[in-house]
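Participant: Following this line is my_file02.txt, made up of compact mmCIF, C-alpha atoms (C1' of nucleotides):
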```
# COMPACT_ATOMS: atom_id res chain seq x y z
CA MET Z 1 3.40 28.80 26.09
CA THR Z 2 0.14 27.45 27.45
CA ARG Z 3 -0.62 23.77 27.49
CA ALA Z 4 -3.32 23.95 24.83
CA ALA Z 5 -1.02 25.91 22.56
CA LYS Z 6 1.72 23.35 22.92
CA ARG Z 7 -0.74 20.61 22.05
CA ALA Z 8 -1.92 22.52 19.01
CA ALA Z 9 1.67 23.01 17.92
CA THR Z 10 2.30 19.29 18.21
CA ALA Z 11 -0.81 18.62 16.17
CA ARG Z 12 0.42 20.92 13.43
CA ARG Z 13 3.84 19.27 13.51
CA ILE Z 14 2.19 15.88 13.05
CA LEU Z 15 0.04 17.11 10.18
CA GLU Z 16 3.02 18.65 8.42
CA ALA Z 17 5.04 15.46 8.88
CA ALA Z 18 2.11 13.54 7.45
CA ARG Z 19 1.97 15.81 4.40
CA VAL Z 20 5.65 15.23 3.70
CA GLU Z 21 5.44 11.47 4.15
CA PHE Z 22 2.22 11.12 2.15
CA GLY Z 23 3.70 13.40 -0.48
CA GLU Z 24 6.76 11.22 -0.81
CA HIS Z 25 5.35 7.71 -0.44
CA GLY Z 26 1.61 7.95 -0.94
CA LEU Z 27 -1.17 6.78 1.36
CA GLU Z 28 -0.39 3.08 1.34
CA GLY Z 29 3.36 3.57 1.34
CA THR Z 30 3.26 5.72 4.44
CA THR Z 31 3.05 4.18 7.92
CA VAL Z 32 1.69 5.92 10.97
CA ARG Z 33 4.98 5.07 12.62
CA ALA Z 34 6.93 6.95 9.95
CA VAL Z 35 4.75 10.03 10.39
CA ALA Z 36 5.18 9.83 14.15
CA GLN Z 37 8.93 9.47 13.90
CA ARG Z 38 9.23 12.45 11.58
CA ALA Z 39 7.16 14.48 14.02
CA GLY Z 40 9.28 13.20 16.91
CA VAL Z 41 6.29 11.70 18.62
CA ASP Z 42 4.72 8.39 19.61
CA PRO Z 43 2.57 6.65 16.97
CA SER Z 44 -0.44 6.43 19.23
CA LEU Z 45 -0.41 10.17 19.69
CA VAL Z 46 -1.11 10.51 16.00
CA MET Z 47 -4.29 8.53 16.51
CA GLN Z 48 -5.30 10.56 19.54
CA HIS Z 49 -4.99 13.71 17.48
CA TYR Z 50 -6.49 12.65 14.19
CA GLY Z 51 -8.58 9.56 14.90
CA SER Z 52 -7.31 7.33 12.14
CA LYS Z 53 -4.74 7.22 9.39
CA ASP Z 54 -7.43 7.84 6.80
CA ASP Z 55 -8.75 10.88 8.62
CA LEU Z 56 -5.23 12.24 8.82
CA PHE Z 57 -4.79 11.65 5.11
CA ALA Z 58 -8.04 13.38 4.25
CA LEU Z 59 -6.80 16.41 6.15
CA ALA Z 60 -3.32 16.24 4.68
CA ILE Z 61 -4.52 16.50 1.07
CA ARG Z 62 -6.89 19.42 1.62
CA LEU Z 63 -5.77 22.29 -0.54
CA ASP Z 64 -7.80 25.08 1.02
CA ARG Z 65 -7.46 27.31 -2.00
CA ASP Z 66 -9.37 30.55 -2.15
CA SER Z 67 -11.32 29.72 -5.25
CA THR Z 68 -12.72 33.14 -5.99
CA ASP Z 69 -11.44 34.28 -9.34
CA ASP Z 70 -9.95 31.42 -11.21
CA ASP Z 71 -9.00 32.64 -14.63
CA VAL Z 72 -6.42 32.16 -17.30
CA ALA Z 73 -4.06 34.65 -15.77
CA GLU Z 74 -4.09 32.82 -12.49
CA HIS Z 75 -3.40 29.58 -14.29
CA LEU Z 76 -0.41 31.07 -16.00
CA ALA Z 77 0.91 32.54 -12.79
CA ASP Z 78 0.43 29.22 -11.04
CA VAL Z 79 2.30 27.24 -13.59
CA LEU Z 80 5.06 29.69 -14.28
CA ASP Z 81 5.78 30.87 -10.78
CA VAL Z 82 4.64 28.33 -8.25
CA ARG Z 83 4.97 25.07 -10.08
CA LEU Z 84 8.40 25.81 -11.46
CA GLY Z 85 9.67 25.81 -7.91
CA ALA Z 86 8.88 23.15 -5.36
CA LEU Z 87 5.31 21.99 -4.90
CA PRO Z 88 3.70 22.65 -1.50
CA PRO Z 89 3.50 19.49 0.64
CA GLU Z 90 -0.29 19.19 0.57
CA THR Z 91 -0.24 19.38 -3.21
CA ARG Z 92 2.47 16.76 -3.39
CA ALA Z 93 0.45 14.53 -1.08
CA LEU Z 94 -2.69 14.94 -3.17
CA VAL Z 95 -1.06 14.36 -6.54
CA ARG Z 96 1.09 11.50 -5.29
CA SER Z 97 -1.92 9.46 -4.23
CA MET Z 98 -4.47 10.60 -6.76
CA LEU Z 99 -4.18 7.38 -8.78
CA THR Z 100 -4.25 4.91 -5.89
CA ALA Z 101 -6.21 6.41 -3.00
CA PRO Z 102 -9.95 6.81 -3.72
CA GLU Z 103 -10.19 9.74 -1.34
CA ALA Z 104 -7.42 11.54 -3.22
CA THR Z 105 -8.95 10.65 -6.58
CA ARG Z 106 -12.24 12.19 -5.55
CA THR Z 107 -10.57 15.33 -4.21
CA MET Z 108 -8.57 15.74 -7.40
CA GLN Z 109 -11.66 15.20 -9.56
CA GLN Z 110 -13.53 17.93 -7.75
CA PHE Z 111 -10.56 20.28 -7.85
CA LEU Z 112 -10.02 19.85 -11.59
CA ASP Z 113 -13.71 19.86 -12.47
CA GLU Z 114 -14.03 23.18 -10.69
CA ARG Z 115 -11.08 24.67 -12.55
CA VAL Z 116 -12.52 23.41 -15.81
CA ARG Z 117 -15.88 25.02 -15.08
CA ASN Z 118 -14.30 28.30 -14.09
CA LEU Z 119 -12.15 28.32 -17.17
CA ALA Z 120 -15.04 27.40 -19.47
CA ARG Z 121 -17.19 30.15 -17.99
CA THR Z 122 -15.20 32.78 -19.91
CA SER Z 123 -16.44 31.44 -23.23
CA ASP Z 124 -19.92 30.68 -24.48
CA ASP Z 125 -18.71 28.15 -26.98
CA GLY Z 126 -20.54 24.84 -26.80
CA ASP Z 127 -17.24 23.05 -26.62
CA ALA Z 128 -15.78 25.43 -24.08
CA GLU Z 129 -15.78 22.79 -21.36
CA LEU Z 130 -13.92 20.32 -23.52
CA ARG Z 131 -11.33 22.91 -24.46
CA ALA Z 132 -10.94 23.93 -20.85
CA ALA Z 133 -10.49 20.30 -19.85
CA LEU Z 134 -7.73 19.93 -22.42
CA THR Z 135 -6.00 22.94 -20.97
CA VAL Z 136 -6.30 21.73 -17.41
CA SER Z 137 -5.10 18.24 -18.21
CA SER Z 138 -2.11 19.66 -20.04
CA ILE Z 139 -1.09 21.53 -16.95
CA LEU Z 140 -1.68 18.44 -14.84
CA GLY Z 141 0.53 16.42 -17.14
CA LEU Z 142 3.24 19.06 -17.03
CA THR Z 143 3.15 19.09 -13.25
CA ILE Z 144 3.42 15.32 -13.00
CA ALA Z 145 6.13 15.04 -15.64
CA ARG Z 146 8.24 17.69 -13.98
CA HIS Z 147 7.73 17.17 -10.26
CA PHE Z 148 7.08 13.45 -9.99
CA LEU Z 149 8.67 11.82 -13.01
CA ASN Z 150 11.58 14.26 -13.30
CA LEU Z 151 11.58 14.15 -17.08
CA GLU Z 152 15.05 15.04 -18.28
CA ALA Z 153 13.91 17.74 -20.65
CA LEU Z 154 11.91 19.45 -17.93
CA ALA Z 155 14.53 19.22 -15.22
CA ASP Z 156 16.37 22.49 -15.71
CA ILE Z 157 14.38 25.18 -17.42
CA SER Z 158 16.39 28.33 -17.84
CA PRO Z 159 14.75 31.74 -17.48
CA ARG Z 160 15.25 32.17 -21.21
CA GLN Z 161 13.40 28.94 -21.94
CA ARG Z 162 10.65 29.91 -19.57
CA GLU Z 163 10.05 33.12 -21.50
CA GLU Z 164 10.78 31.91 -25.00
CA VAL Z 165 9.27 28.44 -24.93
CA LEU Z 166 7.13 27.75 -21.91
CA ARG Z 167 5.17 30.97 -21.78
CA PRO Z 168 4.30 31.04 -25.50
CA TRP Z 169 3.44 27.37 -25.39
CA LEU Z 170 1.13 27.84 -22.45
CA THR Z 171 -0.46 30.80 -24.10
CA THR Z 172 -1.08 28.62 -27.12
CA VAL Z 173 -2.58 25.86 -25.06
CA LEU Z 174 -4.70 28.20 -23.04
CA GLY Z 175 -5.73 30.22 -26.06
CA ALA Z 176 -6.54 27.23 -28.20
CA GLU Z 177 -10.17 27.65 -27.29
CA ALA Z 178 -10.23 30.94 -29.18
CA GLU Z 179 -8.72 29.62 -32.38
CA ARG Z 180 -11.16 27.01 -33.48
CA PRO Z 181 -11.09 25.97 -37.08
CA PRO Z 182 -13.79 27.15 -39.48
CA GLY Z 183 -16.69 24.86 -40.24
CA ALA Z 184 -18.50 24.65 -36.93
CA SER Z 185 -22.26 24.57 -36.93
CA MET Y 1 -3.36 -30.02 -24.61
CA THR Y 2 -0.01 -31.05 -23.24
CA ARG Y 3 0.95 -30.55 -19.63
CA ALA Y 4 3.48 -27.80 -20.34
CA ALA Y 5 0.97 -25.95 -22.47
CA LYS Y 6 -1.60 -26.06 -19.72
CA ARG Y 7 0.93 -24.70 -17.29
CA ALA Y 8 1.88 -21.91 -19.66
CA ALA Y 9 -1.79 -21.06 -20.10
CA THR Y 10 -2.21 -20.84 -16.34
CA ALA Y 11 0.82 -18.58 -16.14
CA ARG Y 12 -0.66 -16.27 -18.75
CA ARG Y 13 -3.98 -16.26 -16.91
CA ILE Y 14 -2.22 -15.25 -13.72
CA LEU Y 15 -0.28 -12.48 -15.45
CA GLU Y 16 -3.42 -11.13 -17.07
CA ALA Y 17 -5.26 -11.20 -13.74
CA ALA Y 18 -2.31 -9.37 -12.20
CA ARG Y 19 -2.44 -6.67 -14.87
CA VAL Y 20 -6.12 -6.08 -14.20
CA GLU Y 21 -5.71 -5.97 -10.42
CA PHE Y 22 -2.60 -3.80 -10.54
CA GLY Y 23 -4.31 -1.60 -13.08
CA GLU Y 24 -7.27 -1.10 -10.80
CA HIS Y 25 -5.68 -0.91 -7.36
CA GLY Y 26 -1.98 -0.28 -7.89
CA LEU Y 27 0.97 -2.24 -6.54
CA GLU Y 28 0.35 -1.73 -2.84
CA GLY Y 29 -3.42 -1.95 -3.12
CA THR Y 30 -3.26 -5.34 -4.81
CA THR Y 31 -2.81 -8.54 -2.81
CA VAL Y 32 -1.35 -11.73 -4.17
CA ARG Y 33 -4.50 -13.41 -2.92
CA ALA Y 34 -6.67 -11.12 -5.05
CA VAL Y 35 -4.64 -11.89 -8.16
CA ALA Y 36 -4.85 -15.59 -7.42
CA GLN Y 37 -8.59 -15.45 -6.89
CA ARG Y 38 -9.16 -13.61 -10.14
CA ALA Y 39 -7.07 -16.22 -11.92
CA GLY Y 40 -8.97 -19.00 -10.12
CA VAL Y 41 -5.83 -20.33 -8.56
CA ASP Y 42 -4.06 -20.77 -5.23
CA PRO Y 43 -1.97 -17.81 -4.02
CA SER Y 44 1.14 -19.90 -3.66
CA LEU Y 45 0.97 -20.85 -7.32
CA VAL Y 46 1.47 -17.23 -8.18
CA MET Y 47 4.77 -17.31 -6.30
CA GLN Y 48 5.83 -20.55 -7.96
CA HIS Y 49 5.28 -18.96 -11.34
CA TYR Y 50 6.67 -15.50 -10.82
CA GLY Y 51 8.91 -15.69 -7.77
CA SER Y 52 7.63 -12.68 -5.90
CA LYS Y 53 4.92 -10.06 -6.04
CA ASP Y 54 7.45 -7.46 -7.17
CA ASP Y 55 8.72 -9.66 -9.99
CA LEU Y 56 5.16 -10.20 -11.12
CA PHE Y 57 4.53 -6.47 -11.01
CA ALA Y 58 7.65 -5.73 -13.04
CA LEU Y 59 6.37 -8.10 -15.69
CA ALA Y 60 2.82 -6.78 -15.54
CA ILE Y 61 3.82 -3.20 -16.36
CA ARG Y 62 6.05 -4.06 -19.30
CA LEU Y 63 4.69 -2.39 -22.40
CA ASP Y 64 6.67 -4.25 -25.06
CA ARG Y 65 6.07 -1.60 -27.64
CA ASP Y 66 7.85 -1.87 -30.95
CA SER Y 67 9.65 1.42 -30.69
CA THR Y 68 10.81 1.72 -34.25
CA ASP Y 69 9.29 4.82 -35.75
CA ASP Y 70 7.81 7.04 -33.12
CA ASP Y 71 6.68 10.19 -34.76
CA VAL Y 72 3.97 12.78 -34.57
CA ALA Y 73 1.56 10.77 -36.66
CA GLU Y 74 1.87 7.80 -34.34
CA HIS Y 75 1.25 10.05 -31.37
CA LEU Y 76 -1.91 11.36 -32.93
CA ALA Y 77 -3.12 7.90 -33.83
CA ASP Y 78 -2.38 6.69 -30.33
CA VAL Y 79 -4.33 9.41 -28.67
CA LEU Y 80 -7.21 9.58 -31.07
CA ASP Y 81 -7.81 5.93 -31.67
CA VAL Y 82 -6.38 3.86 -28.86
CA ARG Y 83 -6.63 6.13 -25.91
CA LEU Y 84 -10.17 7.20 -26.65
CA GLY Y 85 -11.23 3.64 -26.07
CA ALA Y 86 -10.18 1.54 -23.12
CA LEU Y 87 -6.55 1.44 -22.12
CA PRO Y 88 -4.81 -1.94 -22.37
CA PRO Y 89 -4.34 -3.59 -18.96
CA GLU Y 90 -0.55 -3.30 -18.87
CA THR Y 91 -0.81 0.42 -19.60
CA ARG Y 92 -3.40 0.83 -16.87
CA ALA Y 93 -1.15 -1.02 -14.45
CA LEU Y 94 1.84 1.12 -15.33
CA VAL Y 95 0.05 4.45 -15.15
CA ARG Y 96 -1.87 3.55 -12.01
CA SER Y 97 1.27 2.93 -10.00
CA MET Y 98 3.61 5.39 -11.63
CA LEU Y 99 3.38 7.84 -8.73
CA THR Y 100 3.72 5.36 -5.88
CA ALA Y 101 5.77 2.37 -7.06
CA PRO Y 102 9.44 3.19 -7.77
CA GLU Y 103 9.66 0.42 -10.36
CA ALA Y 104 6.71 1.90 -12.23
CA THR Y 105 8.10 5.41 -11.92
CA ARG Y 106 11.37 4.33 -13.49
CA THR Y 107 9.62 2.47 -16.30
CA MET Y 108 7.44 5.48 -17.05
CA GLN Y 109 10.42 7.83 -16.99
CA GLN Y 110 12.26 5.73 -19.54
CA PHE Y 111 9.17 5.36 -21.70
CA LEU Y 112 8.46 9.07 -21.79
CA ASP Y 113 12.08 10.11 -22.15
CA GLU Y 114 12.34 7.88 -25.17
CA ARG Y 115 9.23 9.36 -26.75
CA VAL Y 116 10.56 12.84 -26.06
CA ARG Y 117 13.87 12.04 -27.71
CA ASN Y 118 12.19 10.50 -30.73
CA LEU Y 119 9.88 13.46 -31.08
CA ALA Y 120 12.68 15.98 -30.66
CA ARG Y 121 14.76 14.22 -33.31
CA THR Y 122 12.57 15.64 -36.05
CA SER Y 123 13.69 19.17 -35.31
CA ASP Y 124 17.12 20.69 -34.93
CA ASP Y 125 15.88 23.48 -32.73
CA GLY Y 126 17.90 23.88 -29.55
CA ASP Y 127 14.69 23.79 -27.54
CA ALA Y 128 13.24 20.85 -29.42
CA GLU Y 129 13.54 18.55 -26.42
CA LEU Y 130 11.68 20.96 -24.20
CA ARG Y 131 8.91 21.38 -26.76
CA ALA Y 132 8.68 17.64 -27.21
CA ALA Y 133 8.47 17.19 -23.45
CA LEU Y 134 5.59 19.65 -23.30
CA THR Y 135 3.80 17.70 -25.98
CA VAL Y 136 4.34 14.37 -24.28
CA SER Y 137 3.27 15.62 -20.88
CA SER Y 138 0.12 17.08 -22.39
CA ILE Y 139 -0.82 13.70 -23.73
CA LEU Y 140 0.03 12.10 -20.40
CA GLY Y 141 -2.21 14.57 -18.62
CA LEU Y 142 -5.02 13.94 -21.06
CA THR Y 143 -4.73 10.20 -20.55
CA ILE Y 144 -4.80 10.50 -16.78
CA ALA Y 145 -7.64 13.00 -16.73
CA ARG Y 146 -9.76 10.86 -19.00
CA HIS Y 147 -9.02 7.31 -17.98
CA PHE Y 148 -8.19 7.63 -14.31
CA LEU Y 149 -9.87 10.77 -13.05
CA ASN Y 150 -12.90 10.55 -15.34
CA LEU Y 151 -13.13 14.30 -15.75
CA GLU Y 152 -16.69 15.18 -16.62
CA ALA Y 153 -15.81 17.20 -19.69
CA LEU Y 154 -13.74 14.35 -21.10
CA ALA Y 155 -16.19 11.57 -20.33
CA ASP Y 156 -18.19 11.46 -23.53
CA ILE Y 157 -16.45 12.87 -26.53
CA SER Y 158 -18.62 12.72 -29.61
CA PRO Y 159 -17.12 11.94 -33.02
CA ARG Y 160 -17.85 15.55 -33.93
CA GLN Y 161 -15.89 16.82 -30.97
CA ARG Y 162 -13.06 14.48 -31.77
CA GLU Y 163 -12.74 15.93 -35.23
CA GLU Y 164 -13.61 19.55 -34.51
CA VAL Y 165 -11.94 20.07 -31.15
CA LEU Y 166 -9.59 17.29 -30.13
CA ARG Y 167 -7.79 16.76 -33.41
CA PRO Y 168 -7.12 20.46 -34.11
CA TRP Y 169 -6.10 20.97 -30.52
CA LEU Y 170 -3.65 18.10 -30.62
CA THR Y 171 -2.28 19.31 -33.91
CA THR Y 172 -1.73 22.67 -32.29
CA VAL Y 173 0.00 21.16 -29.31
CA LEU Y 174 2.11 18.87 -31.40
CA GLY Y 175 2.91 21.54 -33.93
CA ALA Y 176 3.74 24.17 -31.34
CA GLU Y 177 7.38 23.35 -31.80
CA ALA Y 178 7.22 24.64 -35.32
CA GLU Y 179 5.58 27.95 -34.47
CA ARG Y 180 8.10 29.53 -32.17
CA PRO Y 181 7.88 33.26 -31.69
CA PRO Y 182 10.36 35.53 -33.47
CA GLY Y 183 13.39 36.76 -31.59
CA ALA Y 184 15.30 33.57 -30.90
CA SER Y 185 19.07 33.58 -31.28
C1' DA D 1 0.75 -51.07 -15.76
C1' DG D 2 3.73 -49.09 -12.33
C1' DG D 3 6.75 -45.71 -10.96
C1' DA D 4 8.30 -41.11 -11.54
C1' DT D 5 7.12 -36.44 -12.61
C1' DC D 6 4.84 -32.33 -12.08
C1' DG D 7 1.06 -28.82 -11.71
C1' DC D 8 -1.33 -27.44 -8.13
C1' DT D 9 -3.41 -26.89 -3.29
C1' DC D 10 -3.21 -26.78 1.91
C1' DA D 11 -1.63 -25.17 6.08
C1' DA D 12 1.30 -22.37 8.37
C1' DC D 13 4.87 -18.87 9.65
C1' DA D 14 7.08 -14.47 10.35
C1' DC D 15 6.32 -9.89 9.90
C1' DT D 16 4.18 -5.39 9.50
C1' DT D 17 0.33 -2.78 9.99
C1' DG D 18 -3.37 0.30 12.26
C1' DT D 19 -5.18 0.89 16.56
C1' DA D 20 -6.65 0.59 21.73
C1' DG D 21 -5.95 1.15 26.73
C1' DA D 22 -3.26 1.63 30.78
C1' DG D 23 0.14 4.30 32.78
C1' DT D 24 3.35 8.54 33.83
C1' DG D 25 5.04 12.74 34.85
C1' DA D 26 4.52 17.54 34.44
C1' DA D 27 1.49 21.54 34.21
C1' DT D 28 -2.70 23.54 36.12
C1' DT D 29 -6.11 24.61 39.52
C1' DG D 30 -8.30 25.42 44.01
C1' DC I 1 0.61 22.76 48.54
C1' DA I 2 -2.34 18.93 47.47
C1' DA I 3 -5.37 17.24 43.96
C1' DT I 4 -6.51 16.96 39.39
C1' DT I 5 -6.15 17.41 34.70
C1' DC I 6 -3.91 16.33 30.56
C1' DA I 7 -0.33 15.74 26.86
C1' DC I 8 2.15 12.11 25.93
C1' DT I 9 4.42 7.30 25.98
C1' DC I 10 4.48 2.15 26.65
C1' DT I 11 2.79 -2.23 25.75
C1' DA I 12 0.03 -5.06 23.41
C1' DC I 13 -3.23 -7.06 20.11
C1' DA I 14 -5.82 -8.56 16.12
C1' DA I 15 -5.85 -8.55 11.32
C1' DG I 16 -3.74 -8.91 6.90
C1' DT I 17 0.44 -9.46 4.28
C1' DG I 18 4.09 -11.98 1.30
C1' DT I 19 6.12 -16.21 1.27
C1' DT I 20 7.36 -21.23 2.15
C1' DG I 21 7.37 -26.29 2.22
C1' DA I 22 4.87 -30.52 2.50
C1' DG I 23 1.44 -33.16 0.37
C1' DC I 24 -1.93 -34.86 -3.30
C1' DG I 25 -3.73 -36.37 -7.45
C1' DA I 26 -3.50 -36.49 -12.32
C1' DT I 27 -0.45 -37.10 -16.20
C1' DC I 28 3.65 -38.71 -18.48
C1' DC I 29 7.51 -42.12 -19.50
C1' DT I 30 9.16 -47.10 -20.08
```
The structure in this file should be written as C-alpha cells.
Facilitator:
Amino acid sequence: MTRAAKRAATARRILEAARVEFGEHGLEGTTVRAVAQRAGVDPSLVMQHYGSKDDLFALAIRLDRDSTDDDVAEHLADVLDVRLGALPPETRALVRSMLTAPEATRTMQQFLDERVRNLARTSDDGDAELRAALTVSSILGLTIARHFLNLEALADISPRQREEVLRPWLTTVLGAEAERPPGAS
Amino acid sequence: MTRAAKRAATARRILEAARVEFGEHGLEGTTVRAVAQRAGVDPSLVMQHYGSKDDLFALAIRLDRDSTDDDVAEHLADVLDVRLGALPPETRALVRSMLTAPEATRTMQQFLDERVRNLARTSDDGDAELRAALTVSSILGLTIARHFLNLEALADISPRQREEVLRPWLTTVLGAEAERPPGAS
DNA sequence: AGGATCGCTCAACACTTGTAGAGTGAATTG
DNA sequence: CAATTCACTCTACAAGTGTTGAGCGATCCT
C-alpha cells in the first residue's frame, strides 16, 4: 500500500468516524477529540485533513444522492426498504443537526425543496407543490419519530404491518394529491 | 410592587428569555450570558434563580398542557389554528433541541407517546397504535418543515389552501385509521 | 432611624474547546 | 545508502464556557 493510499484511507476513516459522532451527538455535541479517538488518530490530524471542524461537518452531511428520477415509487421504496432499517451515517448526521446547525438546516432545506419540486412536477395542479410538501414532511416526520425519537408504536413493525398498514397509509398520503375534494375553481 | 413580586417578575423574565434563546439556538447553542443579556440581567443571577443551565432548560421546555381530552378534533384545531401561526416559545425550545439534547428528546418522546395512546384509544383495531403514530409523526413533520425548515411550499398558505388542501389532507391522514384495506384477520 | 435582609452585580476560576506549530520516525527518492 | 519527504503525534495556547462567592445598594422590619 503506497503512502498516498494509506493517507487517503486514514482520511476516509476520519470522515466516517465524524459521520458517526455527528450522527449521534450533533455538531455542537461532537468534539474533534471524540472524532479523532474513534478514528484512532491524533486530534490535530483531523485539522490537517479537513481544515476545520465546520468543514469536516459540511462534508459529513453531504448526501451525494443521484437525483435523476425522483418519483413516488422511489419515495415508497426509500421509506419502506431503506428507512425501515438503519439510516446511513451521513443521513443520521444531517437529520440530527438539522434543527441546530445552520449549515445542516440549509442542506436539509435544499434537499427537501428539491424532492418537493420533483414530486410536484408529476401534477399540473396549482396546489401540487403544497400537496407534495405535505407528503414530504410526513415522511420526514416518520423518519424522525422512528429513528431519532424511537416512538414505541413505531419500534417494531412486523412484515404484516408493513404491508397491511404502512404501505396503504403511505399510498394514501402520497396519493392524496389525486383525490382533491370537489369545489375547486 | 413588593420585593418578592419584583424578584418573581425577574425570574419570569429570565425564563421567558431562556425559552426564546433555546428556541432559536438550542441547548448547546445558547449561552447563559445570552439569556442574561436578553433578560437585561447579570449571568450569575440566572444561576441564583434556576441553579444550573440544565435545570433552566428543563423548565423552559415544559409544555404544561392540560392533557384531558386529546382527540382528533383537538389535533386538527392545533394544526390548523395554532401551528399555522407562530409556535409558542416553549414549544420552539422543545422542538429545536429534541434531536440533540437528551432531556428534550425524552420530553418529546413522552409527549408524542401520550398523544399516540390517546389517539389510539378511540379505536379497538389491533393496529390502532401504529396508525395513530403515523398520524402524529405526520403532524410533527409538518410542524418541523414549516416552522423550522421554512419549506418554500409551506411558507405562505392562503386561507383557500387551508380549507381546500390542508384540511382535507389532514382529515385523510387522521381518518386513515378508519379506512383500512379489506383482508385483515 | 438604624440595623438586618435581600435582590442583584462584579470579578474571577476551572475547565473544555478548536486550532496552530514544532518535532519524529518511517517511507521514498536519487 | 544518504538525504528528503511526509504522515502523523506532542505540546501548547487563546477563547469561551458554566459556575461561584464576595460585595453593594436599596428595601424592609422594629
Participant: Determine which residues of chain D sit within 10 Å of chain Y, taking into account only C-alpha atoms (C1' of nucleotides), and present them as a PyMOL selection string.
Facilitator: chain D and resi 6-10
Participant: Using only C-alpha atoms (C1' of nucleotides), find each residue of chain I with at least one atom at most 12 Å away from an atom of chain Y; report its shortest atom-to-atom pair and that distance in Å (one decimal), sort the rows by chain and rising residue number, and return the result as a Markdown table.
Facilitator:
```
| residue | atom | partner | partner_atom | distance |
| --- | --- | --- | --- | --- |
| I:DG16 | C1' | Y:Thr31 | CA | 9.8 |
| I:DT17 | C1' | Y:Thr31 | CA | 7.9 |
| I:DG18 | C1' | Y:Lys53 | CA | 7.6 |
| I:DT19 | C1' | Y:Met47 | CA | 7.8 |
| I:DT20 | C1' | Y:Ser44 | CA | 8.6 |
| I:DG21 | C1' | Y:Ser44 | CA | 10.7 |
| I:DA26 | C1' | Y:Arg3 | CA | 10.4 |
| I:DT27 | C1' | Y:Arg3 | CA | 7.5 |
| I:DC28 | C1' | Y:Arg3 | CA | 8.7 |
```
Participant: Check the smallest atom-to-atom distance from each of Y:Glu114, Y:Glu21, Y:Glu74, Y:Glu28 to chain Z using all atoms listed in the file, then report the winner.
Facilitator: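 Going through Y:Glu114, Y:Glu21, Y:Glu74, Y:Glu28 one by one, the smallest distance to chain Z is for Y:Glu28.
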Participant: Please check the contacts: residues of chain Y at most 7 Å away from chain Z, using all atoms listed in the file, listed as a list in words.
Facilitator: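 That gives His25, Gly26, Glu28, Arg96, Leu99, Thr100, Thr105, Gln109, Asp113, Glu129, Leu130, Ala133, Leu134, Ser137, Ser138, Leu140, Gly141, Leu142, Ala145, Phe148, Leu149, Leu151, Glu152, Ala153, Leu154, Trp169, Val173 and Ala176 of chain Y for chain Y.
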Participant: Record the distance separating CA of Gln37 in chain Y and CA of Ile14 in chain Y, expressed in Å with one decimal.
Facilitator: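 Taking CA of Gln37 in chain Y and CA of Ile14 in chain Y, their separation equals 9.3 Å.
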Participant: In Å, how far is it from CA of Ala77 in chain Z to CA of Pro159 in chain Z?
Facilitator: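 About the pair CA of Ala77 in chain Z and CA of Pro159 in chain Z: they are 14.6 Å apart.
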Participant: Work out how far CA of Ala86 in chain Y is from CA of Ala120 in chain Y, in Å to one decimal.
Facilitator: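 If I compute the distance from CA of Ala120 in chain Y to CA of Ala86 in chain Y, I get 28.1 Å.
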